[in-house]
Each structure stands twice: as structure tokens, then as C-alpha cells.
Amino acid sequence: MKNLVALKVLIVGCRGVGVECAKNIILAGPGKVSVHDDTPVQIADLGANFNLREEHIGKPRAEASIDELIVLNPYVTVNTISGEITEEVLAEYGVLIITDDVPLETLIRWNEYMRNNGKVFLLALTNGVVNTLFSDFGPEHLVTDENGEPAKANVVVDMATDKDEDGQEFIIFTIGGNRHGLDDGIVISIDDVSGIDEINGQKLPVKRIYNTRPPEKEGGPNREVLDLKRLRVDFDGALNLPPYVSGGILTEVKAEKVLQYKSLAESIVSPMTESSSFTMRHPNEEKMYAMQGDQLHYARQALWEFMAQNDGNLPRLHNAEDAEACVEFAKEVLKRNRETDGAMDLMGGDINEDIVRNTALYARVELCGNTAFLGGVVAQEVVKAFGKYLPLHQWMHSDFFELLQDSVPEDATPVESRYDHQISVFGTEIQKKIENLKYFMVGCGALGCEYLKGFALMGVGTGEEGVLHVTDMDTIEVSNLNRQFLFRKENVGQEKSVCAAAAAIKMNPDMNIKCYGIPVGPDTEDFFNDDFWGGLDGICNALDNIQARLYVDSKCVFFQKPLLESGTLGTKANTEIVIPFKTKSYGEHEEQDDDEDAIPMCTLRNFPHIIDHCIEWARAQFTEIFEDPPKDVVNFLEDKENFFRKLRKQNPVTKLDILSSVKKHLDMADGADYTTCMKASFDFFIAQYRDRILNLIHAFPRDAVTKDDDTGEESPFWTGSKRFPRAVELDLSDENQLNFLYTSSNLFAFMFGLPSIVDKDEFRSTFEAANFDIPNWEPSQKDVEAMKAEAADEENDEEDKEEFEDDDKERIKELTTFLEAFDGSSVAAIVPADFEKDDDTNFHIDFITACSNLRAWNYEIQTASRHKCKMIAGKITPAVATTTAMITGLVELELYKLLLDLDISKMLSSNINLGIGSYGMRMFEPIHPVAAEERYDHIEMDTVIPIPEGFTSWDKIIVNEGDITVQEFLDKFPTIHHDCTVSFLSFKDFKKDEDDENVVSGGAIWVDFPIGEEQKRIVTENASKKITEVYEEMVGPLDKGKRYIILDAGVRTADDRPALVPTIQYNFT
């Protein structure tokens, strides 16, 4: 994208697709974007172009849209042009995008000029429920990076050489990760192999290695299994290379690819390219293999033929005569093609008349979901002009015919409304449903802004009964502005939900939006309570973390509400439509192994070998020093009883850590001044960058060896990815040391509410004047043994477990006694840091940069720039406006289907990667819910039977018997659920305090066979108590407005077999 800032783009058409495309491109940051559309604004345009208002009616579309476009990016020149588009006009622009229906003759002329002058021509059209995309990047286009992904890099941990039977010498590299992720033929660059300069800098193709394994069945063939950790590289002279000692990075070298493009005139007749299979691309694979893309290509040509015969006009809305004319045009085109060599002729098939007819009947309609989808896709193509990412090659047709009824609805006549496009497809009855929807949108970032725009265009929550609830606890940051298009520079620091809602209401003043600035989760259930969730028609997630998504999903399942789910990661995105009783819930999907590429903790703590490890470690230190400890102190000071109640649920090691930390910080806070902060920073500096390193060297000297448990063979410990470290000596002339002490001291000052020393020279002088004594180092036997244990665990692929000793138990008692008696009323406020990557004045990223680079010095690793530290520590995958616009458009189309109550077979989830063109588009039917099945239980030593058969997570057992006792519940349950009886009963949200002995084992409130006298007593007492009474004794007070309790139960069938049953909802009021 190095040339993007000089690129000039002309967009023809300023209806829905045009303005979406313009918005996304402007946010990407080219040099100039011009829009052209002289057509007067009509009322219906307000349902597709989010920049239009009623006062714009009658003005040229481009002129009416420009004001909102100009303010999107101050670094981009944005203007309008009007009048005829001549070659002189086109000469100024590097990219031409057509988003409105223009006669084919004109398109061909423009296309010829653009391709003959080294420019890009793009076409993005939507007609009702049909979309057309076409790209022409010139006769040849060089792709330098097909997917835009970071080049794969593998750390070498071992290297061997050999020769095959043909005499070819080769190298076998063993990598340090779980899998190398490379295919045959991929070229790698070999670098940083210690002492073997002959191969450093070489760029060579790899060959994957397969290991022979025994047959799965006796007598079967041996199996060839891919070796995920080893790679072969052919290298003449490999056998003469010196022995491998340590180091080495294998970095993928991206391959270049040249694509051949046809002109529009040629490609219309012969649309297949070397990227095509036997049929034209369609994002819905089922439709693609049914050759629906081919049929849509003929429908597209039929529209152009109709326009040629009717003064450039599209078929009239709902006009059967015009539609039949288009069917005949399609047949004529097919006949003509069958007489032309190389033309696409449907492989002998006939025109699908329904496809052409339905395309023509709604050709003048724009649905906002389609405009967002197309505007996102075509804008991303602009970025590809410079070689990064794989462009569309060349056509992609798509359709959503599922949205259409068998015939035009009787109430689908336009009513001179902003919603006329929707009414023309669905009718006024569905439009009223849209307006009276009660929806909850969770999150108001990049996805949320796009959803709000779409909901405003659709009219969600504009009816008398309609409402759109929006919540987001975050405020607007500068970094949000290039992808969250509803926010402006003057909004920085304001609440996202409030600003975004105001922008949406500006688009559609009839919207009824209620804004909240609080998170959605267990801690806010008193606000987002049962009445709130129960009163919704559905939920739309616009979240960026799994935990919050799972929580919202759990509420959707419990209250049986549909969920619109989506997510983005760079150019990648996905949608998932969750429908009660029809699909899997979000939480039911198999968890992806997010830890597959995670860095082992032992590597982070003791054996980093790339800068990423140092940055991850530094980010963890930020949390462990400046976030978590002060939070614990605040919790202790604000509510000591609650602090100890939560502490009792922690494991002993964590409990000791928290108690020790609280005591330490309370001591520091007593009379804290800036010297206190510098001393805390200095102590950490000595502990981590000197003492820890010296202890590691003491544990594993340079000549340390490891012994193979099986063979007894010894090998050097410091080899492969392990780098022998070096310890620091205090030297304020070292920029990394000074930066660490400077940033961490100021972060401690923030913690204790003290002024910072911003001037670094002043800080240096202040620190030198403090003249802290440098303690002598002595080996810590405890730390050394822990390091040895961690290293052994890493070798054995095990997690290290912290030991807990008897002395630690006594220390916990001492600290607990001290803190319980501690009077914190006079303690000055202690402020936790809240990690914020975009504030350049808060020392957060500066600390992580200094912290990671100083650690990199310890291990002689190349240091990183502040920008790289920010990207990794902030876990930033640059959000792409094109992706968010595109994916929310698809979700909006699915919302229509929900309102139409379509069969699950007509719904679509999707996985999209805009970086790889049409190959990255996949739409598919959502997965059906998982039905409970019989399974053998090793504890029961019997098969567990689902009752009822095949129930899913959407099912519940609802008990409406009032505020009854435990025994009454037990007596009534057989009549409620298939004659089943209860063998044990517990509360779903119960968490046992380890010191609480007044509960039955496992937290049950009742069991059929209590063990021991104490258990018998508890069970007997609980049986006569009301369930609500036992709940408040064990769990705590019931939330205000709570009318039910979720129960867990062991259940047996009428014939005394173990049973699996749905969630039990006990309604006590």
C-alpha cells in the first residue's frame, strides 16, 4: 500500500453501493476520492445512502453526499465532479469504480481506456437481491503477496544433514513450534544459524517430511504421516557443513503471481479465467456447483440488453412485461454465444427463467445489506492495486433469492417513503415488523458503527413499540477514527454508545435508541435483568472478545432469543446466525485451540529467543505490577469482608500471592513519595534483569548438559533456541536501562497519586541523587530449583506447578490476621493502571518497549521499535473498514430472513477473507443444534439416557410450583418431567468456599444417599426448607427482581437408569 497515498479514485454512482464504497476507501487513506452522480435525490434513496437527509431531496446525489464524506479523513482530498465523464476526466484517476447502472456500451468504452493506460476498472452493481462484481487490473497484474498474512517464521532448534538415494545432499531442520505450517515448494530464507555462514541468507524451497507409521488395521498398508516439526531443504555441500550449535530462523518468502485479465467486452462473452473451475464463482458453494453464477451472468447481460433497448432504463419495478422481455434477451444472448467460439454457453443447459425474471422484477431496488456487502468488497479491491492481496479474477455474481416470495407481495407497492426499497421486496407488513423490533446491540466499535448505520437505513426501532438498546463501556480513542466511521476527532474521550447513537439518529431521526455505558456480564445482571432480556426480540453482538460473546450467547439460549453474531480480524470475517431450536448456539461450537501457538510460560520466563517473547513477557509484567496488585488493594480497602470472601475461593498459592502483595503495597503507600517509586522500580530492575539472570546461569552454566532419559546420551543445554543470557550492571548511559527506570518509576507514581517527572534529564538527575545501594547477588536456591523444574517440565511438555509448603500456610495465617485487623481509613488512594495503548502520555507502551528491549539485551535478541511493541502488546490486528462494512451487510440480510421466518435451509452463515478474492468467500447453511445422545458414564457404570430423547441446549424444564420446599420439589418432579426422580440437587451458580463445611460434598443441597451423620443432618434440614431459603444461605441474597433459580440435578428414569435432562428453571414466583 506504499502508493495508496498518491492514488486517485473516481466513483461513479452515489446510491447505496457508491457511498459505502466511498466511505471505506476514504478511511483507507488514498490521495483523492471523487464521486460523480448528477441524479436528483429521491425519498427512497434515504434507505440506501446513509449520508442523505430529507432536505437533500431534489439535489444531485453526489453533491448531497459530499459533506459527510469529506470529514471522514482529513488527509484525503474528497470532491464531486459532474457532467460527462470523458477520457480527459478519466486520465486523472488510477481507479474507476462504477456503482450505478450505466449502459454497457459506455462501460466498455471506459474499461478500454482504463486498461490500456495501466489503470484499474471495477464494477459493483446491486439489483434487488442480485449482485455483480467485475474487476480488470489490466492485461497483466503482478501479485506480490497473495494473502497479506505475515510471513511464517520458524525457530530452528536442531539441524542435521544427509544424502538421498539419488545423491542429493539435504538439510533437515527441526523447528521449535508445534507445526511449521509450510507446504512443499514454499521458499524460505535461512538466517541467524550460529557458526554456519554457508547457509545464512540462502533462499531455498522446502520439502515436507513424512514418517512411516504402522497400519491402522492388521494387514493394511503402512501410513505416511506428515512430520509437523521437521522440514527438508536440498543443499549441495550439506554434508560438508559444520555441526549445528544453535540459532536459526526460517522465514517464508512470499511467492509472486501474475494474473491475466480480459477486457470487459471479451470477458462478458468468455468470463472464465485460469482461476475458474467449470463454473463461475458464487460465494454460496451449493449455488455455485448448481451453476447459478453462470445463470446470473446471463441475467446481468439481459439487464444490459434491456437498457440498450429502453434509453438506458432498467426494467420497471414489479413489471411482468419488462421481466418477460429480459427472459427473451437472456435467451438471445445464449443463442448468440453458442454461435461464438470460446463463449460461455451454460454447458448445453437452458436459461433459468425464474432467475432472470426475479432479477428484472426488482432490478431498481437497493437493499442496504447488499450495498454494505458490495461496498466493502469492491473497496478492498482498490487496495490490491499495488500487489498485496489477491484480487477478484474477474467476475463474481451472488444472489439472495431466498428473500423473495413466490410472487410480488400484495402490499409491496412503494408509498413514497424512505423505506420504499424494502417495501418493494417485503411489503409494508414486514416493514412494520422491522420498525417495531426491540433489539439489543452489544458493543459499539467498528462493527457496532456499521450495524447502527444499517439499522438506521432499515428503520429498526423506529416504530411506536420499537427500540434499539446499545451499550459499550468504552470511550472513543484516536485510533478508532480510521475504522469506526461514526466518530470524529472532536468525539475523542466521549462514550462510544452515546456518540454512535447520535450519529445514527442523524441518519434516521425516527430511531428510538437507548444508550448505556456499562458492560454486559454477571456483574451487571441487576441492570440487564430478566425483564430486560425477556422483553427483547433479538440480540446483535458487535463484540471483540470471546468471554463477552459467550455470556451474551448464554442469555440468548436461556431466554430463547435469536443472536446475530459476527467477528472480524483484518481482512477476515465471519457471521453466525443463532436461532432458537434451529441452530447450534455460539457456545456449542468446538473451541479452537487458541493455545496451539501460545508461547510456553517457561520460554517467556527463562528462554526467550525472539523479540515477540520479550514483548509478551513485558506485557505480562505490566499487568502483574501496575494492574492486578493495586486492584487487589482497592478491593481490600473498599470492602474487606467481600475481599476475604472471594479470597477463600482461591487456591493457596494465589491466596498467598495476593495477601503478600496487598501487605507490600500498603506498606509502600504509607508516606510514599517519588523516591519510593524509584526504589520500587530499581528493585524490580535488579530482581529481573540481574538476579534472575544470574540465578539462571547458576542453574545452567554455559557448559551445562541435558541427559536423555531413555539413552543416557548427553547434549549441550544451551543449544537450539536456548540463548545463553547475560546480566545487567546499572548504567544510566544505557538508553534501555534509563527508559525502563524512567517509565516504571512514573507508573508507580501514578499508582500512588504522585506527580510524574516527565523530563528525562530531570529524572536521571533525581535518580542519581537517590544513590540506591546495589545489593550483592547471592544464589537463591529456591529460584534455582524452580528454574530447573520449569526447564524439566518444558522438556517433558508439562506445565510447571508451584509448590506450596507448610511455611506458606503459616504465612497466610499471619497475613490474614494482620490485614483483618488493619485500619485502612487513612490510606491514600491507590490507583490501578488501565492499559491504554493509544495514549502516548501515560507511559504504558513506553514501559513495555523499555521492558522488552532490556530483556532482549539480556538474551542478545534484536530489539523492537515502539510501534512493533505497541502492535504486539496491544494485540492489534489492524481493523479494516472494508471488512466490517461487508460482514455487517451480510448479517442485515439474515435479519430479513429471521423476520420472514424462513426455514433454516435458507439461512446463511459465512466465512469471508477479502484478502484472497472470491476464493475467500464461503456462505453455508448454519449448523443444526446438537441433540443429546446416550453415553456411557464411567462413574455411574451405566448408560445415561437423555430425557426427552434428542433434547438440545434450547430446551428447558420449567417448574412453576411457587415458593416450595426442597422436599416438595422432589415430590413434584416426577409429574413434571417424564416420571423421573431426583438423586441429587444443587444450584447452578453455587461456588463453594473452602472454609464452608455446612454444605454437602460437591455443593449439593440434597442427595438421596447422604454419607455420614453431618451430611445426613444437612440433607434432612434442607428438605424442609424452602429452596429460596437454602439458596440465600449458600449462594447469597437473590437479585432484586429475580423470579427463578437454575438448578442442577442428578436424575434417574422411571426404571431407575441414570438420565440426562435439560436445564431446570425453577420459578418461585
# chains A, B, ... in the order shown; residues from 1 in each chain; ligands from 1
$ select_by_dssp --residues "region 103-294 of chain A" --states "strand (DSSP E)" --output "NGL selection string"
:A and (120-127 or 130-136 or 140-143 or 153-163 or 169-175 or 187-193 or 203-205 or 207-213 or 223-234 or 247-253 or 257-260)
$ residues_around --residues "Met921 (chain A)" --least-positions-apart "5" --cutoff "8 Å" --atoms "only C-alpha atoms" --output "ChimeraX atom specification"
/A:283-284,910-914
$ write_last_selection --atoms "N, CA, C and O atoms" --output "mmCIF file, in the first residue's frame"
data_model
loop_
_atom_site.group_PDB
_atom_site.id
_atom_site.type_symbol
_atom_site.label_atom_id
_atom_site.label_comp_id
_atom_site.auth_asym_id
_atom_site.auth_seq_id
_atom_site.Cartn_x
_atom_site.Cartn_y
_atom_site.Cartn_z
ATOM 1 N N PRO A 283 -20.410 -17.062 -4.028
ATOM 2 C CA PRO A 283 -19.970 -17.290 -2.641
ATOM 3 C C PRO A 283 -20.704 -18.422 -1.936
ATOM 4 O O PRO A 283 -20.196 -18.965 -0.959
ATOM 5 N N ASN A 284 -21.889 -18.757 -2.410
ATOM 6 C CA ASN A 284 -22.621 -19.897 -1.866
ATOM 7 C C ASN A 284 -22.241 -21.126 -2.685
ATOM 8 O O ASN A 284 -22.623 -21.258 -3.849
ATOM 9 N N SER A 910 -21.361 -17.479 7.354
ATOM 10 C CA SER A 910 -20.315 -17.257 6.361
ATOM 11 C C SER A 910 -18.938 -17.157 6.989
ATOM 12 O O SER A 910 -18.794 -16.781 8.162
ATOM 13 N N ASN A 911 -17.937 -17.520 6.196
ATOM 14 C CA ASN A 911 -16.530 -17.243 6.489
ATOM 15 C C ASN A 911 -15.971 -16.512 5.276
ATOM 16 O O ASN A 911 -16.033 -17.030 4.157
ATOM 17 N N ILE A 912 -15.452 -15.330 5.484
ATOM 18 C CA ILE A 912 -15.004 -14.488 4.380
ATOM 19 C C ILE A 912 -13.566 -14.034 4.625
ATOM 20 O O ILE A 912 -13.205 -13.710 5.759
ATOM 21 N N ASN A 913 -12.775 -14.023 3.577
ATOM 22 C CA ASN A 913 -11.458 -13.393 3.621
ATOM 23 C C ASN A 913 -11.318 -12.514 2.399
ATOM 24 O O ASN A 913 -11.076 -12.996 1.288
ATOM 25 N N LEU A 914 -11.487 -11.217 2.576
ATOM 26 C CA LEU A 914 -11.422 -10.289 1.448
ATOM 27 C C LEU A 914 -10.031 -10.219 0.839
ATOM 28 O O LEU A 914 -9.861 -9.715 -0.272
#
$ residues_around --residues "region 209-225 of chain A" --least-positions-apart "4" --cutoff "12 Å" --atoms "only C-alpha atoms" --output "compact mmCIF listing (two decimals) with C-alpha atoms, in the first residue's frame"
# COMPACT_ATOMS: atom_id res chain seq x y z
CA ILE A 171 19.44 -30.39 5.39
CA ILE A 172 16.78 -31.42 7.89
CA PHE A 173 15.63 -28.57 10.11
CA THR A 174 13.73 -29.24 13.33
CA HIS A 180 5.89 -25.42 10.70
CA LEU A 182 4.66 -24.73 5.27
CA ASP A 183 3.77 -26.56 2.06
CA ASP A 184 6.04 -28.17 -0.49
CA LYS A 229 8.17 -30.20 13.23
CA ARG A 230 10.73 -31.06 10.54
CA LEU A 231 11.49 -29.73 7.05
CA ARG A 232 13.87 -30.75 4.30
CA VAL A 233 15.89 -28.30 2.20
$ select_by_dssp --residues "region 349-424 of chain A" --states "alpha helix (DSSP H)" --output "PDB file with C-alpha atoms, in the first residue's frame"
ATOM      1  CA  GLU A 353     -36.209 -18.126 -16.490  1.00  0.00           C
ATOM      2  CA  ASP A 354     -37.075 -17.631 -12.805  1.00  0.00           C
ATOM      3  CA  ILE A 355     -33.613 -16.243 -12.100  1.00  0.00           C
ATOM      4  CA  VAL A 356     -33.819 -13.757 -14.961  1.00  0.00           C
ATOM      5  CA  ARG A 357     -37.427 -12.864 -14.197  1.00  0.00           C
ATOM      6  CA  ASN A 358     -36.812 -12.219 -10.484  1.00  0.00           C
ATOM      7  CA  THR A 359     -33.700 -10.231 -11.290  1.00  0.00           C
ATOM      8  CA  ALA A 360     -35.719  -7.993 -13.610  1.00  0.00           C
ATOM      9  CA  LEU A 361     -38.741  -7.569 -11.316  1.00  0.00           C
ATOM     10  CA  CYS A 368     -28.911  -1.785   2.439  1.00  0.00           C
ATOM     11  CA  GLY A 369     -27.446  -5.180   3.356  1.00  0.00           C
ATOM     12  CA  ASN A 370     -26.395  -5.711  -0.249  1.00  0.00           C
ATOM     13  CA  THR A 371     -24.981  -2.205  -0.557  1.00  0.00           C
ATOM     14  CA  ALA A 372     -22.823  -2.656   2.559  1.00  0.00           C
ATOM     15  CA  PHE A 373     -21.640  -6.075   1.341  1.00  0.00           C
ATOM     16  CA  LEU A 374     -20.709  -4.831  -2.130  1.00  0.00           C
ATOM     17  CA  GLY A 375     -19.254  -1.558  -0.884  1.00  0.00           C
ATOM     18  CA  GLY A 376     -16.919  -3.442   1.418  1.00  0.00           C
ATOM     19  CA  VAL A 377     -15.807  -5.970  -1.179  1.00  0.00           C
ATOM     20  CA  VAL A 378     -15.121  -3.517  -4.000  1.00  0.00           C
ATOM     21  CA  ALA A 379     -13.329  -1.024  -1.743  1.00  0.00           C
ATOM     22  CA  GLN A 380     -10.923  -3.759  -0.670  1.00  0.00           C
ATOM     23  CA  GLU A 381     -10.129  -4.378  -4.347  1.00  0.00           C
ATOM     24  CA  VAL A 382      -8.757  -0.837  -4.594  1.00  0.00           C
ATOM     25  CA  VAL A 383      -6.098  -1.648  -2.006  1.00  0.00           C
ATOM     26  CA  ASP A 420     -39.620   2.071  -0.354  1.00  0.00           C
ATOM     27  CA  HIS A 421     -36.777  -0.244  -1.426  1.00  0.00           C
ATOM     28  CA  GLN A 422     -37.535  -2.624   1.445  1.00  0.00           C
ATOM     29  CA  ILE A 423     -41.278  -2.309   0.968  1.00  0.00           C
ATOM     30  CA  SER A 424     -40.843  -3.148  -2.727  1.00  0.00           C
TER      31      SER A 424
END
$ residues_around --residues "Phe401 (chain A)" --least-positions-apart "3" --cutoff "12 Å" --atoms "only C-alpha atoms" --output "PDB file with N, CA, C and O atoms, in the first residue's frame"
ATOM      1  N   ASN A 127     -28.883  -5.212  -7.818  1.00  0.00           N
ATOM      2  CA  ASN A 127     -30.227  -5.088  -8.410  1.00  0.00           C
ATOM      3  C   ASN A 127     -31.160  -6.003  -7.637  1.00  0.00           C
ATOM      4  O   ASN A 127     -31.180  -7.209  -7.859  1.00  0.00           O
ATOM      5  N   GLY A 128     -31.893  -5.420  -6.680  1.00  0.00           N
ATOM      6  CA  GLY A 128     -32.789  -6.228  -5.856  1.00  0.00           C
ATOM      7  C   GLY A 128     -32.002  -7.138  -4.934  1.00  0.00           C
ATOM      8  O   GLY A 128     -31.312  -6.678  -4.031  1.00  0.00           O
ATOM      9  N   VAL A 129     -32.082  -8.444  -5.200  1.00  0.00           N
ATOM     10  CA  VAL A 129     -31.370  -9.408  -4.362  1.00  0.00           C
ATOM     11  C   VAL A 129     -30.200 -10.031  -5.116  1.00  0.00           C
ATOM     12  O   VAL A 129     -29.672 -11.067  -4.720  1.00  0.00           O
ATOM     13  N   VAL A 130     -29.795  -9.396  -6.214  1.00  0.00           N
ATOM     14  CA  VAL A 130     -28.723  -9.906  -7.067  1.00  0.00           C
ATOM     15  C   VAL A 130     -27.571  -8.903  -7.086  1.00  0.00           C
ATOM     16  O   VAL A 130     -27.795  -7.691  -7.165  1.00  0.00           O
ATOM     17  N   ASN A 131     -26.334  -9.401  -7.019  1.00  0.00           N
ATOM     18  CA  ASN A 131     -25.154  -8.549  -7.025  1.00  0.00           C
ATOM     19  C   ASN A 131     -24.179  -8.996  -8.108  1.00  0.00           C
ATOM     20  O   ASN A 131     -24.038 -10.193  -8.371  1.00  0.00           O
ATOM     21  N   ASN A 284     -21.889 -18.757  -2.410  1.00  0.00           N
ATOM     22  CA  ASN A 284     -22.621 -19.897  -1.866  1.00  0.00           C
ATOM     23  C   ASN A 284     -22.241 -21.126  -2.685  1.00  0.00           C
ATOM     24  O   ASN A 284     -22.623 -21.258  -3.849  1.00  0.00           O
ATOM     25  N   LYS A 287     -24.886 -23.127  -4.534  1.00  0.00           N
ATOM     26  CA  LYS A 287     -25.378 -22.471  -5.740  1.00  0.00           C
ATOM     27  C   LYS A 287     -24.319 -22.458  -6.839  1.00  0.00           C
ATOM     28  O   LYS A 287     -24.631 -22.582  -8.022  1.00  0.00           O
ATOM     29  N   GLN A 292     -25.308 -21.551 -10.679  1.00  0.00           N
ATOM     30  CA  GLN A 292     -26.146 -20.368 -10.548  1.00  0.00           C
ATOM     31  C   GLN A 292     -25.375 -19.104 -10.900  1.00  0.00           C
ATOM     32  O   GLN A 292     -25.959 -18.126 -11.379  1.00  0.00           O
ATOM     33  N   LEU A 296     -26.712 -16.230 -13.384  1.00  0.00           N
ATOM     34  CA  LEU A 296     -26.746 -14.821 -13.010  1.00  0.00           C
ATOM     35  C   LEU A 296     -25.986 -13.966 -14.028  1.00  0.00           C
ATOM     36  O   LEU A 296     -26.330 -12.793 -14.247  1.00  0.00           O
ATOM     37  N   ASP A 354     -36.711 -18.231 -14.094  1.00  0.00           N
ATOM     38  CA  ASP A 354     -37.075 -17.631 -12.805  1.00  0.00           C
ATOM     39  C   ASP A 354     -35.974 -16.697 -12.305  1.00  0.00           C
ATOM     40  O   ASP A 354     -36.255 -15.641 -11.724  1.00  0.00           O
ATOM     41  N   ILE A 355     -34.725 -17.093 -12.527  1.00  0.00           N
ATOM     42  CA  ILE A 355     -33.613 -16.243 -12.100  1.00  0.00           C
ATOM     43  C   ILE A 355     -33.635 -14.926 -12.861  1.00  0.00           C
ATOM     44  O   ILE A 355     -33.517 -13.846 -12.259  1.00  0.00           O
ATOM     45  N   VAL A 356     -33.794 -14.983 -14.164  1.00  0.00           N
ATOM     46  CA  VAL A 356     -33.819 -13.757 -14.961  1.00  0.00           C
ATOM     47  C   VAL A 356     -35.036 -12.919 -14.607  1.00  0.00           C
ATOM     48  O   VAL A 356     -34.957 -11.690 -14.432  1.00  0.00           O
ATOM     49  N   ARG A 357     -36.172 -13.568 -14.472  1.00  0.00           N
ATOM     50  CA  ARG A 357     -37.427 -12.864 -14.197  1.00  0.00           C
ATOM     51  C   ARG A 357     -37.341 -12.126 -12.850  1.00  0.00           C
ATOM     52  O   ARG A 357     -37.695 -10.942 -12.748  1.00  0.00           O
ATOM     53  N   ASN A 358     -36.881 -12.836 -11.808  1.00  0.00           N
ATOM     54  CA  ASN A 358     -36.812 -12.219 -10.484  1.00  0.00           C
ATOM     55  C   ASN A 358     -35.730 -11.151 -10.403  1.00  0.00           C
ATOM     56  O   ASN A 358     -35.838 -10.198  -9.627  1.00  0.00           O
ATOM     57  N   THR A 359     -34.699 -11.296 -11.211  1.00  0.00           N
ATOM     58  CA  THR A 359     -33.700 -10.231 -11.290  1.00  0.00           C
ATOM     59  C   THR A 359     -34.320  -8.975 -11.875  1.00  0.00           C
ATOM     60  O   THR A 359     -34.117  -7.856 -11.373  1.00  0.00           O
ATOM     61  N   LEU A 361     -37.620  -8.127 -12.070  1.00  0.00           N
ATOM     62  CA  LEU A 361     -38.741  -7.569 -11.316  1.00  0.00           C
ATOM     63  C   LEU A 361     -38.283  -6.599 -10.228  1.00  0.00           C
ATOM     64  O   LEU A 361     -39.001  -5.657  -9.872  1.00  0.00           O
ATOM     65  N   TYR A 362     -37.082  -6.818  -9.687  1.00  0.00           N
ATOM     66  CA  TYR A 362     -36.594  -5.997  -8.577  1.00  0.00           C
ATOM     67  C   TYR A 362     -35.304  -5.255  -8.942  1.00  0.00           C
ATOM     68  O   TYR A 362     -34.570  -4.810  -8.055  1.00  0.00           O
ATOM     69  N   SER A 398     -23.568 -12.941  -7.092  1.00  0.00           N
ATOM     70  CA  SER A 398     -24.175 -13.513  -5.885  1.00  0.00           C
ATOM     71  C   SER A 398     -25.651 -13.162  -5.868  1.00  0.00           C
ATOM     72  O   SER A 398     -26.095 -12.238  -6.569  1.00  0.00           O
ATOM     73  N   LEU A 404     -37.069 -13.512  -1.520  1.00  0.00           N
ATOM     74  CA  LEU A 404     -38.257 -13.237  -2.325  1.00  0.00           C
ATOM     75  C   LEU A 404     -39.354 -14.255  -2.068  1.00  0.00           C
ATOM     76  O   LEU A 404     -39.091 -15.439  -1.866  1.00  0.00           O
ATOM     77  N   GLN A 405     -40.579 -13.790  -2.085  1.00  0.00           N
ATOM     78  CA  GLN A 405     -41.723 -14.685  -2.007  1.00  0.00           C
ATOM     79  C   GLN A 405     -42.035 -15.245  -3.392  1.00  0.00           C
ATOM     80  O   GLN A 405     -41.434 -14.828  -4.394  1.00  0.00           O
ATOM     81  N   ASP A 406     -42.941 -16.175  -3.460  1.00  0.00           N
ATOM     82  CA  ASP A 406     -43.257 -16.815  -4.745  1.00  0.00           C
ATOM     83  C   ASP A 406     -43.764 -15.806  -5.768  1.00  0.00           C
ATOM     84  O   ASP A 406     -43.590 -15.981  -6.975  1.00  0.00           O
ATOM     85  N   SER A 407     -44.392 -14.769  -5.279  1.00  0.00           N
ATOM     86  CA  SER A 407     -44.858 -13.694  -6.167  1.00  0.00           C
ATOM     87  C   SER A 407     -44.674 -12.376  -5.434  1.00  0.00           C
ATOM     88  O   SER A 407     -44.426 -12.347  -4.221  1.00  0.00           O
ATOM     89  N   VAL A 425     -39.710  -5.087  -1.816  1.00  0.00           N
ATOM     90  CA  VAL A 425     -39.349  -6.507  -1.769  1.00  0.00           C
ATOM     91  C   VAL A 425     -40.210  -7.264  -0.775  1.00  0.00           C
ATOM     92  O   VAL A 425     -40.717  -8.354  -1.070  1.00  0.00           O
ATOM     93  N   LEU A 893     -28.869  -8.870   5.929  1.00  0.00           N
ATOM     94  CA  LEU A 893     -29.687  -9.693   5.035  1.00  0.00           C
ATOM     95  C   LEU A 893     -30.291 -10.877   5.783  1.00  0.00           C
ATOM     96  O   LEU A 893     -31.429 -11.286   5.514  1.00  0.00           O
ATOM     97  N   LYS A 897     -34.347 -12.411   6.869  1.00  0.00           N
ATOM     98  CA  LYS A 897     -34.807 -13.805   6.833  1.00  0.00           C
ATOM     99  C   LYS A 897     -35.435 -14.215   8.162  1.00  0.00           C
ATOM    100  O   LYS A 897     -36.411 -14.978   8.197  1.00  0.00           O
ATOM    101  N   LEU A 902     -37.970 -17.759   7.754  1.00  0.00           N
ATOM    102  CA  LEU A 902     -37.602 -18.728   6.727  1.00  0.00           C
ATOM    103  C   LEU A 902     -37.056 -20.006   7.349  1.00  0.00           C
ATOM    104  O   LEU A 902     -36.544 -20.017   8.472  1.00  0.00           O
ATOM    105  N   LYS A 906     -32.585 -21.930   4.343  1.00  0.00           N
ATOM    106  CA  LYS A 906     -32.453 -20.698   3.580  1.00  0.00           C
ATOM    107  C   LYS A 906     -31.641 -19.630   4.311  1.00  0.00           C
ATOM    108  O   LYS A 906     -31.430 -18.540   3.782  1.00  0.00           O
ATOM    109  N   MET A 907     -31.192 -19.961   5.529  1.00  0.00           N
ATOM    110  CA  MET A 907     -30.343 -19.052   6.278  1.00  0.00           C
ATOM    111  C   MET A 907     -28.887 -19.295   5.878  1.00  0.00           C
ATOM    112  O   MET A 907     -28.538 -20.361   5.355  1.00  0.00           O
TER     113      MET A 907
END
$ atom_distance --atom1 "CA of Pro974 (chain A)" --atom2 "CA of Asp1048 (chain A)"
15.6 Å
$ closest_residue --among "A:Pro1037, A:Pro150, A:Pro139, A:Gly917" --to "Ser263 (chain A)" --atoms "only C-alpha atoms"
A:Pro139
$ residues_around --residues "region 302-312 of chain A" --least-positions-apart "4" --cutoff "8 Å" --atoms "only C-alpha atoms" --output "PyMOL selection string"
chain A and resi 102-104+298+325-327+329-330+333+356+360
$ atom_distance --atom1 "CA of Glu490 (chain A)" --atom2 "CA of Tyr75 (chain A)"
16.0 Å
$ residues_around --residues "His589 (chain A)" --least-positions-apart "6" --cutoff "10 Å" --atoms "only C-alpha atoms" --output "VMD selection string"
chain A and resid 927 929 to 930
$ write_last_selection --atoms "N, CA and C atoms" --output "PDB file, in the first residue's frame"
ATOM      1  N   ILE A 927     -25.304 -24.585  11.262  1.00  0.00           N
ATOM      2  CA  ILE A 927     -25.277 -25.945  11.805  1.00  0.00           C
ATOM      3  C   ILE A 927     -26.463 -26.144  12.745  1.00  0.00           C
ATOM      4  N   PRO A 929     -28.760 -27.622  15.840  1.00  0.00           N
ATOM      5  CA  PRO A 929     -28.381 -27.797  17.252  1.00  0.00           C
ATOM      6  C   PRO A 929     -27.972 -29.228  17.552  1.00  0.00           C
ATOM      7  N   VAL A 930     -27.131 -29.369  18.559  1.00  0.00           N
ATOM      8  CA  VAL A 930     -26.631 -30.685  18.949  1.00  0.00           C
ATOM      9  C   VAL A 930     -27.682 -31.378  19.812  1.00  0.00           C
TER      10      VAL A 930
END
